[in-house]
Structures are given as structure tokens and as C-alpha cells.
>>> print(open('target.pdb').read())   # PDB, C-alpha atoms, pLDDT in the B column
ATOM      1  CA  MET A   1     -16.636  63.913  33.952  1.00 75.00           C
ATOM      2  CA  THR A   2     -13.198  63.405  32.510  1.00 86.00           C
ATOM      3  CA  SER A   3     -10.328  65.006  34.348  1.00 91.00           C
ATOM      4  CA  LEU A   4      -6.619  65.383  33.824  1.00 92.00           C
ATOM      5  CA  LYS A   5      -4.081  65.126  36.583  1.00 92.00           C
ATOM      6  CA  SER A   6      -0.386  65.303  37.224  1.00 92.00           C
ATOM      7  CA  PRO A   7       1.357  63.422  40.018  1.00 89.00           C
ATOM      8  CA  HIS A   8       3.140  66.665  40.876  1.00 91.00           C
ATOM      9  CA  CYS A   9       0.099  68.887  41.466  1.00 93.00           C
ATOM     10  CA  PRO A  10      -2.861  68.399  43.841  1.00 94.00           C
ATOM     11  CA  TRP A  11      -5.332  70.079  41.472  1.00 96.00           C
ATOM     12  CA  LEU A  12      -7.168  68.575  38.529  1.00 95.00           C
ATOM     13  CA  VAL A  13      -8.305  69.849  35.161  1.00 96.00           C
ATOM     14  CA  GLU A  14     -11.927  69.026  34.405  1.00 96.00           C
ATOM     15  CA  ILE A  15     -13.022  68.702  30.796  1.00 94.00           C
ATOM     16  CA  ASP A  16     -16.438  70.342  30.711  1.00 95.00           C
ATOM     17  CA  GLY A  17     -17.774  70.327  27.182  1.00 94.00           C
ATOM     18  CA  GLU A  18     -15.532  72.590  25.135  1.00 94.00           C
ATOM     19  CA  ASP A  19     -13.997  74.165  28.241  1.00 96.00           C
ATOM     20  CA  LEU A  20     -11.379  73.255  30.805  1.00 97.00           C
ATOM     21  CA  VAL A  21     -12.120  73.976  34.467  1.00 97.00           C
ATOM     22  CA  VAL A  22      -9.697  74.154  37.387  1.00 98.00           C
ATOM     23  CA  ARG A  23     -11.030  74.516  40.933  1.00 97.00           C
ATOM     24  CA  ASN A  24      -9.811  75.570  44.348  1.00 96.00           C
ATOM     25  CA  ILE A  25      -6.282  76.617  43.588  1.00 96.00           C
ATOM     26  CA  ILE A  26      -4.113  79.419  44.925  1.00 93.00           C
ATOM     27  CA  ALA A  27      -4.112  82.633  42.906  1.00 95.00           C
ATOM     28  CA  THR A  28      -1.338  85.201  42.898  1.00 92.00           C
ATOM     29  CA  CYS A  29      -0.602  88.469  41.086  1.00 93.00           C
ATOM     30  CA  PHE A  30       2.130  89.395  38.637  1.00 92.00           C
ATOM     31  CA  GLY A  31       3.391  92.398  36.744  1.00 91.00           C
ATOM     32  CA  GLY A  32       2.052  95.897  36.677  1.00 92.00           C
ATOM     33  CA  ALA A  33       3.818  99.068  37.651  1.00 90.00           C
ATOM     34  CA  HIS A  34       4.728  97.935  41.145  1.00 87.00           C
ATOM     35  CA  ASP A  35       6.110  94.417  40.752  1.00 83.00           C
ATOM     36  CA  SER A  36       9.841  94.533  41.327  1.00 72.00           C
ATOM     37  CA  GLY A  37      10.128  90.888  40.309  1.00 73.00           C
ATOM     38  CA  ASP A  38       8.645  91.294  36.860  1.00 81.00           C
ATOM     39  CA  ASN A  39       9.632  93.538  33.997  1.00 81.00           C
ATOM     40  CA  GLY A  40       6.230  93.306  32.345  1.00 87.00           C
ATOM     41  CA  GLU A  41       7.304  91.167  29.405  1.00 85.00           C
ATOM     42  CA  THR A  42       4.957  88.295  28.655  1.00 88.00           C
ATOM     43  CA  GLU A  43       5.134  85.406  26.243  1.00 86.00           C
ATOM     44  CA  SER A  44       2.053  86.627  24.409  1.00 88.00           C
ATOM     45  CA  GLY A  45       3.703  89.946  23.650  1.00 87.00           C
ATOM     46  CA  VAL A  46       1.136  91.848  25.694  1.00 92.00           C
ATOM     47  CA  MET A  47       2.968  94.276  27.970  1.00 93.00           C
ATOM     48  CA  ASN A  48       2.024  93.871  31.628  1.00 94.00           C
ATOM     49  CA  ASP A  49       4.149  96.681  33.004  1.00 91.00           C
ATOM     50  CA  GLY A  50       1.426  99.040  34.165  1.00 93.00           C
ATOM     51  CA  ARG A  51       1.066 101.053  30.962  1.00 94.00           C
ATOM     52  CA  ASN A  52      -2.463  99.654  30.816  1.00 95.00           C
ATOM     53  CA  PRO A  53      -3.751  99.790  34.408  1.00 94.00           C
ATOM     54  CA  ASP A  54      -7.016  98.163  33.330  1.00 95.00           C
ATOM     55  CA  LEU A  55      -5.423  95.062  31.799  1.00 96.00           C
ATOM     56  CA  PHE A  56      -7.540  92.047  32.759  1.00 97.00           C
ATOM     57  CA  GLY A  57      -5.159  89.204  32.056  1.00 97.00           C
ATOM     58  CA  CYS A  58      -3.720  86.075  33.570  1.00 97.00           C
ATOM     59  CA  ALA A  59      -0.894  83.589  33.339  1.00 95.00           C
ATOM     60  CA  LEU A  60      -1.660  79.879  33.411  1.00 96.00           C
ATOM     61  CA  PRO A  61       0.813  76.969  33.634  1.00 94.00           C
ATOM     62  CA  ILE A  62       0.265  75.725  30.095  1.00 93.00           C
ATOM     63  CA  ARG A  63       3.639  75.150  28.479  1.00 88.00           C
ATOM     64  CA  SER A  64       5.208  71.701  28.365  1.00 83.00           C
ATOM     65  CA  ILE A  65       8.633  72.879  27.223  1.00 81.00           C
ATOM     66  CA  GLU A  66       9.363  75.161  30.176  1.00 81.00           C
ATOM     67  CA  ALA A  67      10.813  73.853  33.421  1.00 80.00           C
ATOM     68  CA  ALA A  68       8.479  75.870  35.629  1.00 85.00           C
ATOM     69  CA  THR A  69       5.319  74.400  34.130  1.00 89.00           C
ATOM     70  CA  VAL A  70       6.265  71.098  32.504  1.00 87.00           C
ATOM     71  CA  LEU A  71       4.611  69.161  35.351  1.00 90.00           C
ATOM     72  CA  SER A  72       1.343  71.090  35.220  1.00 93.00           C
ATOM     73  CA  PRO A  73      -1.835  69.179  34.250  1.00 94.00           C
ATOM     74  CA  LEU A  74      -2.420  71.997  31.760  1.00 95.00           C
ATOM     75  CA  ALA A  75       0.927  71.464  30.018  1.00 92.00           C
ATOM     76  CA  PHE A  76      -0.295  69.306  27.178  1.00 87.00           C
ATOM     77  CA  LYS A  77       2.058  67.682  24.755  1.00 78.00           C
ATOM     78  CA  GLY A  78       1.634  69.497  21.462  1.00 76.00           C
ATOM     79  CA  PRO A  79       0.248  72.978  20.836  1.00 82.00           C
ATOM     80  CA  HIS A  80      -0.458  74.950  23.965  1.00 88.00           C
ATOM     81  CA  ILE A  81      -3.681  76.834  24.631  1.00 93.00           C
ATOM     82  CA  PRO A  82      -3.426  79.997  22.487  1.00 92.00           C
ATOM     83  CA  TRP A  83      -2.604  83.385  23.880  1.00 93.00           C
ATOM     84  CA  GLU A  84      -5.603  85.703  24.216  1.00 94.00           C
ATOM     85  CA  THR A  85      -7.878  82.774  25.068  1.00 96.00           C
ATOM     86  CA  LEU A  86     -10.613  83.986  27.417  1.00 97.00           C
ATOM     87  CA  VAL A  87     -10.624  82.710  30.986  1.00 97.00           C
ATOM     88  CA  ARG A  88     -13.412  83.134  33.529  1.00 98.00           C
ATOM     89  CA  VAL A  89     -12.118  83.533  37.072  1.00 98.00           C
ATOM     90  CA  TRP A  90     -14.097  83.340  40.296  1.00 98.00           C
ATOM     91  CA  ARG A  91     -13.890  82.494  43.958  1.00 97.00           C
ATOM     92  CA  GLU A  92     -15.274  79.020  44.495  1.00 96.00           C
ATOM     93  CA  ALA A  93     -17.102  80.315  47.572  1.00 96.00           C
ATOM     94  CA  THR A  94     -19.115  82.838  45.564  1.00 96.00           C
ATOM     95  CA  GLY A  95     -19.598  80.762  42.430  1.00 96.00           C
ATOM     96  CA  GLU A  96     -19.020  81.127  38.734  1.00 96.00           C
ATOM     97  CA  GLY A  97     -21.915  83.559  38.492  1.00 95.00           C
ATOM     98  CA  ASN A  98     -19.645  86.150  40.077  1.00 94.00           C
ATOM     99  CA  SER A  99     -16.774  85.639  37.694  1.00 96.00           C
ATOM    100  CA  ILE A 100     -14.666  88.077  35.741  1.00 96.00           C
ATOM    101  CA  THR A 101     -13.261  87.372  32.290  1.00 97.00           C
ATOM    102  CA  VAL A 102      -9.565  87.823  31.615  1.00 97.00           C
ATOM    103  CA  ARG A 103      -7.243  87.092  28.701  1.00 97.00           C
ATOM    104  CA  LEU A 104      -4.492  84.496  28.779  1.00 97.00           C
ATOM    105  CA  ILE A 105      -1.267  86.454  28.231  1.00 95.00           C
ATOM    106  CA  ASP A 106       1.585  84.484  29.810  1.00 92.00           C
ATOM    107  CA  ASN A 107       2.890  81.162  31.072  1.00 91.00           C
ATOM    108  CA  GLY A 108       3.088  80.643  34.840  1.00 91.00           C
ATOM    109  CA  PRO A 109       3.032  80.493  37.803  1.00 91.00           C
ATOM    110  CA  ASP A 110       5.937  78.222  38.692  1.00 87.00           C
ATOM    111  CA  VAL A 111       4.217  74.969  39.641  1.00 88.00           C
ATOM    112  CA  LEU A 112       7.545  73.187  39.864  1.00 84.00           C
ATOM    113  CA  HIS A 113       8.258  75.020  43.113  1.00 81.00           C
ATOM    114  CA  TYR A 114       4.659  75.970  43.984  1.00 86.00           C
ATOM    115  CA  PRO A 115       2.476  73.024  42.925  1.00 90.00           C
ATOM    116  CA  THR A 116      -0.654  74.427  44.592  1.00 92.00           C
ATOM    117  CA  HIS A 117      -0.443  77.666  42.580  1.00 92.00           C
ATOM    118  CA  ALA A 118      -2.221  77.611  39.237  1.00 95.00           C
ATOM    119  CA  LEU A 119      -3.275  81.177  38.431  1.00 96.00           C
ATOM    120  CA  ASP A 120      -1.428  84.466  38.194  1.00 95.00           C
ATOM    121  CA  LEU A 121      -3.616  87.539  37.736  1.00 96.00           C
ATOM    122  CA  THR A 122      -2.652  90.952  36.454  1.00 96.00           C
ATOM    123  CA  GLU A 123      -2.897  93.791  38.922  1.00 96.00           C
ATOM    124  CA  ALA A 124      -6.278  95.005  37.644  1.00 97.00           C
ATOM    125  CA  ALA A 125      -7.775  91.521  37.801  1.00 97.00           C
ATOM    126  CA  ALA A 126      -6.426  90.882  41.297  1.00 96.00           C
ATOM    127  CA  ALA A 127      -7.713  94.285  42.404  1.00 96.00           C
ATOM    128  CA  HIS A 128     -11.220  93.247  41.420  1.00 96.00           C
ATOM    129  CA  PHE A 129     -11.111  90.560  44.096  1.00 96.00           C
ATOM    130  CA  ARG A 130      -9.039  92.372  46.688  1.00 95.00           C
ATOM    131  CA  ARG A 131     -10.013  96.008  46.917  1.00 93.00           C
ATOM    132  CA  ASP A 132      -8.656  96.037  50.482  1.00 94.00           C
ATOM    133  CA  ILE A 133      -5.062  95.718  49.287  1.00 93.00           C
ATOM    134  CA  PRO A 134      -3.557  98.896  47.783  1.00 94.00           C
ATOM    135  CA  ARG A 135      -2.749  98.336  44.128  1.00 93.00           C
ATOM    136  CA  ASP A 136       0.904  99.112  44.613  1.00 91.00           C
ATOM    137  CA  ARG A 137       1.156  96.125  46.987  1.00 90.00           C
ATOM    138  CA  LEU A 138      -0.947  93.569  45.132  1.00 92.00           C
ATOM    139  CA  ALA A 139       1.808  92.030  43.027  1.00 89.00           C
ATOM    140  CA  ASN A 140       3.848  91.190  46.075  1.00 84.00           C
ATOM    141  CA  GLU A 141       1.140  90.512  48.660  1.00 86.00           C
ATOM    142  CA  PHE A 142      -1.816  88.926  46.890  1.00 91.00           C
ATOM    143  CA  GLU A 143      -1.884  85.170  47.435  1.00 91.00           C
ATOM    144  CA  GLU A 144      -5.250  83.583  48.074  1.00 94.00           C
ATOM    145  CA  PRO A 145      -6.646  80.030  47.968  1.00 95.00           C
ATOM    146  CA  GLY A 146     -10.106  79.064  46.799  1.00 97.00           C
ATOM    147  CA  PHE A 147      -9.974  80.414  43.254  1.00 98.00           C
ATOM    148  CA  SER A 148     -11.360  78.599  40.235  1.00 98.00           C
ATOM    149  CA  TYR A 149     -11.300  79.279  36.533  1.00 98.00           C
ATOM    150  CA  ARG A 150     -12.757  78.139  33.227  1.00 98.00           C
ATOM    151  CA  ILE A 151     -10.640  78.265  30.056  1.00 98.00           C
ATOM    152  CA  LEU A 152     -13.140  78.847  27.287  1.00 97.00           C
ATOM    153  CA  GLY A 153     -12.912  76.567  24.264  1.00 95.00           C
ATOM    154  CA  ALA A 154      -9.681  74.930  25.421  1.00 95.00           C
ATOM    155  CA  ALA A 155     -10.828  71.308  25.723  1.00 93.00           C
ATOM    156  CA  PRO A 156      -9.718  70.339  22.199  1.00 90.00           C
ATOM    157  CA  TYR A 157      -6.120  71.122  23.193  1.00 89.00           C
ATOM    158  CA  ALA A 158      -6.343  68.679  26.079  1.00 88.00           C
ATOM    159  CA  LEU A 159      -7.786  66.018  23.857  1.00 79.00           C
ATOM    160  CA  GLY A 160      -5.091  66.428  21.256  1.00 71.00           C
ATOM    161  CA  LYS A 161      -7.524  67.578  18.609  1.00 62.00           C
ATOM    162  CA  VAL A 162      -5.702  70.766  17.743  1.00 62.00           C
ATOM    163  CA  ILE A 163      -2.451  70.660  15.788  1.00 45.00           C
TER     164      ILE A 163
ATOM    165  CA  MET B   1      -0.283  82.972  13.980  1.00 32.00           C
ATOM    166  CA  ILE B   2       1.646  80.693  11.661  1.00 38.00           C
ATOM    167  CA  TYR B   3       1.256  79.912   8.027  1.00 38.00           C
ATOM    168  CA  PHE B   4       2.884  77.521   5.642  1.00 39.00           C
ATOM    169  CA  ALA B   5       4.409  78.473   2.315  1.00 38.00           C
ATOM    170  CA  ASP B   6       6.500  75.939   0.477  1.00 40.00           C
ATOM    171  CA  SER B   7       8.888  74.540   3.075  1.00 42.00           C
ATOM    172  CA  THR B   8       8.968  77.721   5.124  1.00 46.00           C
ATOM    173  CA  ILE B   9       6.981  78.268   8.281  1.00 49.00           C
ATOM    174  CA  THR B  10       6.599  81.856   9.368  1.00 49.00           C
ATOM    175  CA  PHE B  11       5.695  82.919  12.865  1.00 46.00           C
ATOM    176  CA  THR B  12       4.244  86.397  13.040  1.00 42.00           C
ATOM    177  CA  GLY B  13       4.115  88.643  16.061  1.00 41.00           C
ATOM    178  CA  PRO B  14       6.832  89.440  18.567  1.00 40.00           C
ATOM    179  CA  ALA B  15      10.011  87.496  18.054  1.00 38.00           C
ATOM    180  CA  ARG B  16      10.305  84.866  20.746  1.00 42.00           C
ATOM    181  CA  LEU B  17      12.318  81.733  20.168  1.00 46.00           C
ATOM    182  CA  ASP B  18      10.300  79.768  22.687  1.00 44.00           C
ATOM    183  CA  ARG B  19       7.102  80.776  20.916  1.00 42.00           C
ATOM    184  CA  ALA B  20       8.585  79.533  17.673  1.00 42.00           C
ATOM    185  CA  LEU B  21       9.031  76.125  19.262  1.00 46.00           C
ATOM    186  CA  THR B  22       5.350  75.287  19.232  1.00 44.00           C
ATOM    187  CA  PHE B  23       2.577  74.738  16.722  1.00 40.00           C
ATOM    188  CA  VAL B  24       4.705  72.586  14.494  1.00 44.00           C
ATOM    189  CA  GLU B  25       3.808  69.468  12.636  1.00 47.00           C
ATOM    190  CA  ASP B  26       6.007  67.269  10.518  1.00 55.00           C
ATOM    191  CA  MET B  27       8.993  69.553  10.165  1.00 58.00           C
ATOM    192  CA  PRO B  28      11.510  68.044   7.728  1.00 63.00           C
ATOM    193  CA  LYS B  29      15.242  68.328   8.185  1.00 67.00           C
ATOM    194  CA  GLY B  30      16.468  71.558   6.658  1.00 67.00           C
ATOM    195  CA  ALA B  31      13.105  73.299   6.828  1.00 64.00           C
ATOM    196  CA  ALA B  32      13.377  77.005   7.512  1.00 63.00           C
ATOM    197  CA  VAL B  33      11.543  78.688  10.353  1.00 61.00           C
ATOM    198  CA  LEU B  34      11.143  82.428  10.221  1.00 55.00           C
ATOM    199  CA  ILE B  35      10.157  84.245  13.384  1.00 48.00           C
ATOM    200  CA  GLY B  36       8.521  87.616  13.742  1.00 43.00           C
ATOM    201  CA  ASP B  37      11.484  89.877  13.119  1.00 45.00           C
ATOM    202  CA  GLY B  38      12.697  87.915  10.124  1.00 48.00           C
ATOM    203  CA  SER B  39      15.340  85.897  11.946  1.00 52.00           C
ATOM    204  CA  GLN B  40      15.626  82.403  10.591  1.00 60.00           C
ATOM    205  CA  VAL B  41      16.456  79.030  12.071  1.00 61.00           C
ATOM    206  CA  LYS B  42      16.716  75.694  10.315  1.00 65.00           C
ATOM    207  CA  MET B  43      15.730  72.247  11.469  1.00 62.00           C
ATOM    208  CA  LYS B  44      18.655  69.995  12.262  1.00 64.00           C
ATOM    209  CA  LYS B  45      16.554  66.854  12.111  1.00 62.00           C
ATOM    210  CA  SER B  46      13.059  65.882  11.178  1.00 61.00           C
ATOM    211  CA  VAL B  47      10.400  66.119  13.851  1.00 57.00           C
ATOM    212  CA  THR B  48       6.853  64.900  13.785  1.00 55.00           C
ATOM    213  CA  CYS B  49       3.879  66.751  15.206  1.00 49.00           C
ATOM    214  CA  GLY B  50       4.025  68.713  18.401  1.00 51.00           C
ATOM    215  CA  GLU B  51       6.867  70.721  19.801  1.00 50.00           C
ATOM    216  CA  PHE B  52      10.439  70.754  18.681  1.00 50.00           C
ATOM    217  CA  ARG B  53      13.340  71.750  20.852  1.00 52.00           C
ATOM    218  CA  VAL B  54      16.397  73.905  20.753  1.00 49.00           C
ATOM    219  CA  ALA B  55      18.482  70.799  20.132  1.00 53.00           C
ATOM    220  CA  ASP B  56      16.550  70.229  16.933  1.00 54.00           C
ATOM    221  CA  ILE B  57      17.538  73.571  15.482  1.00 55.00           C
ATOM    222  CA  GLU B  58      20.597  74.873  13.728  1.00 54.00           C
ATOM    223  CA  GLU B  59      21.498  78.531  13.646  1.00 46.00           C
ATOM    224  CA  VAL B  60      19.726  79.030  16.924  1.00 42.00           C
ATOM    225  CA  GLN B  61      21.964  81.905  17.956  1.00 39.00           C
ATOM    226  CA  ALA B  62      20.460  84.382  15.548  1.00 40.00           C
ATOM    227  CA  ALA B  63      17.019  83.740  16.898  1.00 38.00           C
ATOM    228  CA  ALA B  64      18.202  83.807  20.489  1.00 38.00           C
ATOM    229  CA  ARG B  65      19.636  87.266  19.972  1.00 37.00           C
ATOM    230  CA  ALA B  66      16.321  88.379  18.593  1.00 35.00           C
ATOM    231  CA  ALA B  67      14.389  87.067  21.575  1.00 36.00           C
ATOM    232  CA  ARG B  68      13.182  89.695  24.005  1.00 34.00           C
ATOM    233  CA  PRO B  69      14.266  89.733  27.643  1.00 36.00           C
ATOM    234  CA  ARG B  70      12.355  87.350  29.832  1.00 39.00           C
ATOM    235  CA  SER B  71      10.104  88.186  32.705  1.00 48.00           C
ATOM    236  CA  GLN B  72      11.860  87.824  36.006  1.00 53.00           C
ATOM    237  CA  LYS B  73       8.874  86.592  38.008  1.00 68.00           C
ATOM    238  CA  HIS B  74       7.951  83.835  35.617  1.00 72.00           C
ATOM    239  CA  ASP B  75      10.865  81.524  34.911  1.00 72.00           C
ATOM    240  CA  HIS B  76      10.631  80.702  31.214  1.00 71.00           C
ATOM    241  CA  THR B  77      13.610  78.367  31.052  1.00 70.00           C
ATOM    242  CA  ILE B  78      13.078  75.840  28.287  1.00 68.00           C
ATOM    243  CA  VAL B  79      13.626  72.207  29.184  1.00 66.00           C
ATOM    244  CA  THR B  80      14.899  69.489  26.922  1.00 48.00           C
ATOM    245  CA  PRO B  81      13.402  66.305  28.470  1.00 43.00           C
ATOM    246  CA  PRO B  82      10.293  64.907  26.750  1.00 40.00           C
ATOM    247  CA  PRO B  83       7.230  67.018  27.535  1.00 41.00           C
ATOM    248  CA  PHE B  84       4.984  65.817  30.309  1.00 43.00           C
ATOM    249  CA  SER B  85       1.766  64.324  29.030  1.00 42.00           C
ATOM    250  CA  ALA B  86      -1.109  64.661  31.439  1.00 45.00           C
ATOM    251  CA  ASP B  87      -2.799  61.432  32.422  1.00 39.00           C
ATOM    252  CA  SER B  88      -6.462  61.086  31.696  1.00 33.00           C
ATOM    253  CA  GLN B  89      -8.941  59.487  34.024  1.00 31.00           C
ATOM    254  CA  GLU B  90     -12.675  59.076  34.005  1.00 27.00           C
TER     255      GLU B  90
END
>>> encode(input="target.pdb", output="C-alpha cells")
Amino acid sequence: MTSLKSPHCPWLVEIDGEDLVVRNIIATCFGGAHDSGDNGETESGVMNDGRNPDLFGCALPIRSIEAATVLSPLAFKGPHIPWETLVRVWREATGEGNSITVRLIDNGPDVLHYPTHALDLTEAAAAHFRRDIPRDRLANEFEEPGFSYRILGAAPYALGKVI
Amino acid sequence: MIYFADSTITFTGPARLDRALTFVEDMPKGAAVLIGDGSQVKMKKSVTCGEFRVADIEEVQAAARAARPRSQKHDHTIVTPPPFSADSQE
């Protein structure tokens, strides 16, 4: 299987058919009504400020022109993976069969300073995995290793086929 | 979404300068780029396929004023060095 790597990050991007797969990374949570460090603006234009408490979305480090993500293996030269692309997320321990599907709505997390982090979930998506943490604390407390995800139909971007 | 009409490239959707910096191929010098709210920037030099940068654009101030505030948790600072290109291995 072909994989992509960056000397800065310990995780790889697997090219699996038309999809890209990232395994065993640390997931965190961003935005929502209770995140004091985020105003809810996203690069996709989707508001992640809690007005939609059921928003199943994520941020992935995909952009090669931003300092926080330029060293990510997902930051391909050329067009980035489009906003609203569907992403399956699961715990590696429970398998992809127990995944949820979220939409790509933002760029992040900051792999420049946190190279082991590769997935930021909205509050609703993080709550699916951590029902033991009150929702008003998820954005600041949720940080968990062992997450994996599949970016559906994104392989052509890695291979430079999309312009 | 973007579409091409004559020498103008229009980006629809929320006005974000950094969004306007992607999905570009063979932009000639002087080409106009319209972003979602109608703000316009012009290319200062020709670029070929891929992403162009702030330094490649004239009249960037108008677009910057139109850009929405950035998220605080995700640092969206745009860099000017050449983009990283992921290595490929079998």
C-alpha cells in the first residue's frame, strides 16, 4: 500500500483505493458553544459556534499554505481536499465498523506544535465517543489517542490528479 | 466553487482571502480574482498551477478587509515559503 509521510509527523497517510486513511492519531475537540478558544468561524464557512448542537464535523490538517499545517502529510501541494468532504471516524480499538461520518469543515489542528494531533472533532462528534464528559467541557478536555479516519474520495488530491 | 469566465476567476461562498488562494491554475499577470462578496484582487505576476500567495497579488487590502475574523483555536496564519510536498513511499 502506498503511504505518504512527513518528517515532522509520526503518522502516515495511507492511500486506499479512492480514499485516504490515517490511523492511531490523537483526536481533540473544537468549537461549539463552550469553547472559549474558538469563535466558531471555520474556513468552510460552516458555523461551529453551537447554533447547531448536532453538527457532525471535523477539522483536518490539509492546507499547505498555513503555518500550522504546512508540515502535515495531508497538506498536499495544489488544491486541498474540498470542504464538506465526508470523513469516517472511529477508534482503532473498535474498528471501522463502529465509525461515524462527519463533514470536513475546517483546517487544523496545529501539527506544527502538536505533531501527533491530526483530528479535531466538533462537540457533537466528540460527544458520540465520550458520553462521560459533559458537553460543556468537551472542547477543552477531550484529547484521546487511538483514533483513525478515512477521507472518502480524497486519494486523487494526494496523487495530484485534481486541479 | 470556482468558475472561469474570460480572464476572471470568481470564488463563490463566504469571502475568505485564504480560500481564494487555492484552486488556481495558470493565472496570468493582471488576471482578476473576485471573491464571494465581490471584492477583487489582481495577480501581480503569472503563476502556474497550484496555490498562489499573498505576495503574488496586488490590491490585497480590499480582500483582506472583506475576510471574516479567524478562529482563535485554529491558527490560520498563511505562510509564504514553498508549500510542503508530502513524500511518497511504497
>>> interface_residues(input="target.pdb", of="chain A", to="chain B", cutoff="8 Å", atoms="all atoms listed in the file", output="number ranges by chain")
A: 1-6, 30, 37-43, 45, 64-68, 70-80, 107-110, 163
>>> residues_around(input="target.pdb", residues="Cys29 (chain A)", least_positions_apart="6", cutoff="10 Å", atoms="all atoms listed in the file", output="PDB file with C-alpha atoms, in the frame of the given file")
ATOM      1  CA  ASP A  35       6.110  94.417  40.752  1.00 83.00           C
ATOM      2  CA  CYS A  58      -3.720  86.075  33.570  1.00 97.00           C
ATOM      3  CA  ALA A  59      -0.894  83.589  33.339  1.00 95.00           C
ATOM      4  CA  PRO A 109       3.032  80.493  37.803  1.00 91.00           C
ATOM      5  CA  LEU A 119      -3.275  81.177  38.431  1.00 96.00           C
ATOM      6  CA  ASP A 120      -1.428  84.466  38.194  1.00 95.00           C
ATOM      7  CA  LEU A 121      -3.616  87.539  37.736  1.00 96.00           C
ATOM      8  CA  THR A 122      -2.652  90.952  36.454  1.00 96.00           C
ATOM      9  CA  GLU A 123      -2.897  93.791  38.922  1.00 96.00           C
ATOM     10  CA  ALA A 124      -6.278  95.005  37.644  1.00 97.00           C
ATOM     11  CA  ALA A 125      -7.775  91.521  37.801  1.00 97.00           C
ATOM     12  CA  ALA A 126      -6.426  90.882  41.297  1.00 96.00           C
ATOM     13  CA  ALA A 127      -7.713  94.285  42.404  1.00 96.00           C
ATOM     14  CA  ARG A 137       1.156  96.125  46.987  1.00 90.00           C
ATOM     15  CA  LEU A 138      -0.947  93.569  45.132  1.00 92.00           C
ATOM     16  CA  ALA A 139       1.808  92.030  43.027  1.00 89.00           C
ATOM     17  CA  ASN A 140       3.848  91.190  46.075  1.00 84.00           C
ATOM     18  CA  GLU A 141       1.140  90.512  48.660  1.00 86.00           C
ATOM     19  CA  PHE A 142      -1.816  88.926  46.890  1.00 91.00           C
ATOM     20  CA  GLU A 143      -1.884  85.170  47.435  1.00 91.00           C
ATOM     21  CA  GLU A 144      -5.250  83.583  48.074  1.00 94.00           C
TER      22      GLU A 144
END
>>> resolve_selection(input="target.pdb", expression="the PyMOL selection byres ((chain A and resi 9) around 7)", output="list in words")
Ser6, Pro7, His8, Pro10, Trp11, Ser72, Pro115 and Thr116 of chain A
>>> atom_distance(input="target.pdb", atom1="CA of Pro61 (chain A)", atom2="CA of Pro134 (chain A)")
26.5 Å
>>> closest_residue(input="target.pdb", among="A:Glu18, A:Asn52, A:Leu152, A:Gly32", to="Arg135 (chain A)", atoms="all atoms listed in the file")
A:Gly32
>>> atom_distance(input="target.pdb", atom1="CA of Asn98 (chain A)", atom2="CA of His128 (chain A)")
11.1 Å
>>> resolve_selection(input="target.pdb", expression="the PyMOL selection byres ((chain A and resi 21-27) around 7)", output="list in words")
Trp11, Leu12, Val13, Glu14, Ile15, Asp16, Asp19, Leu20, Thr28, Glu92, Thr116, His117, Ala118, Leu119, Asp120, Glu143, Glu144, Pro145, Gly146, Phe147, Ser148, Tyr149, Arg150 and Ile151 of chain A
>>> atom_distance(input="target.pdb", atom1="CA of Pro156 (chain A)", atom2="CA of Thr85 (chain A)")
12.9 Å
>>> axis_aligned_box(input="target.pdb", around="region 54-64 of chain A", padding_each_side="3 Å", output="AutoDock Vina command-line options")
--center_x -1.2 --center_y 84.9 --center_z 31.0 --size_x 18.7 --size_y 32.5 --size_z 11.3
>>> resolve_selection(input="target.pdb", expression="the PyMOL selection byres ((chain A and resi 103) around 8)", output="PDB file with C-alpha atoms, keeping the file's coordinate frame")
ATOM      1  CA  PHE A  56      -7.540  92.047  32.759  1.00 97.00           C
ATOM      2  CA  GLY A  57      -5.159  89.204  32.056  1.00 97.00           C
ATOM      3  CA  CYS A  58      -3.720  86.075  33.570  1.00 97.00           C
ATOM      4  CA  TRP A  83      -2.604  83.385  23.880  1.00 93.00           C
ATOM      5  CA  GLU A  84      -5.603  85.703  24.216  1.00 94.00           C
ATOM      6  CA  THR A  85      -7.878  82.774  25.068  1.00 96.00           C
ATOM      7  CA  LEU A  86     -10.613  83.986  27.417  1.00 97.00           C
ATOM      8  CA  VAL A  87     -10.624  82.710  30.986  1.00 97.00           C
ATOM      9  CA  THR A 101     -13.261  87.372  32.290  1.00 97.00           C
ATOM     10  CA  VAL A 102      -9.565  87.823  31.615  1.00 97.00           C
ATOM     11  CA  LEU A 104      -4.492  84.496  28.779  1.00 97.00           C
ATOM     12  CA  ILE A 105      -1.267  86.454  28.231  1.00 95.00           C
TER      13      ILE A 105
END
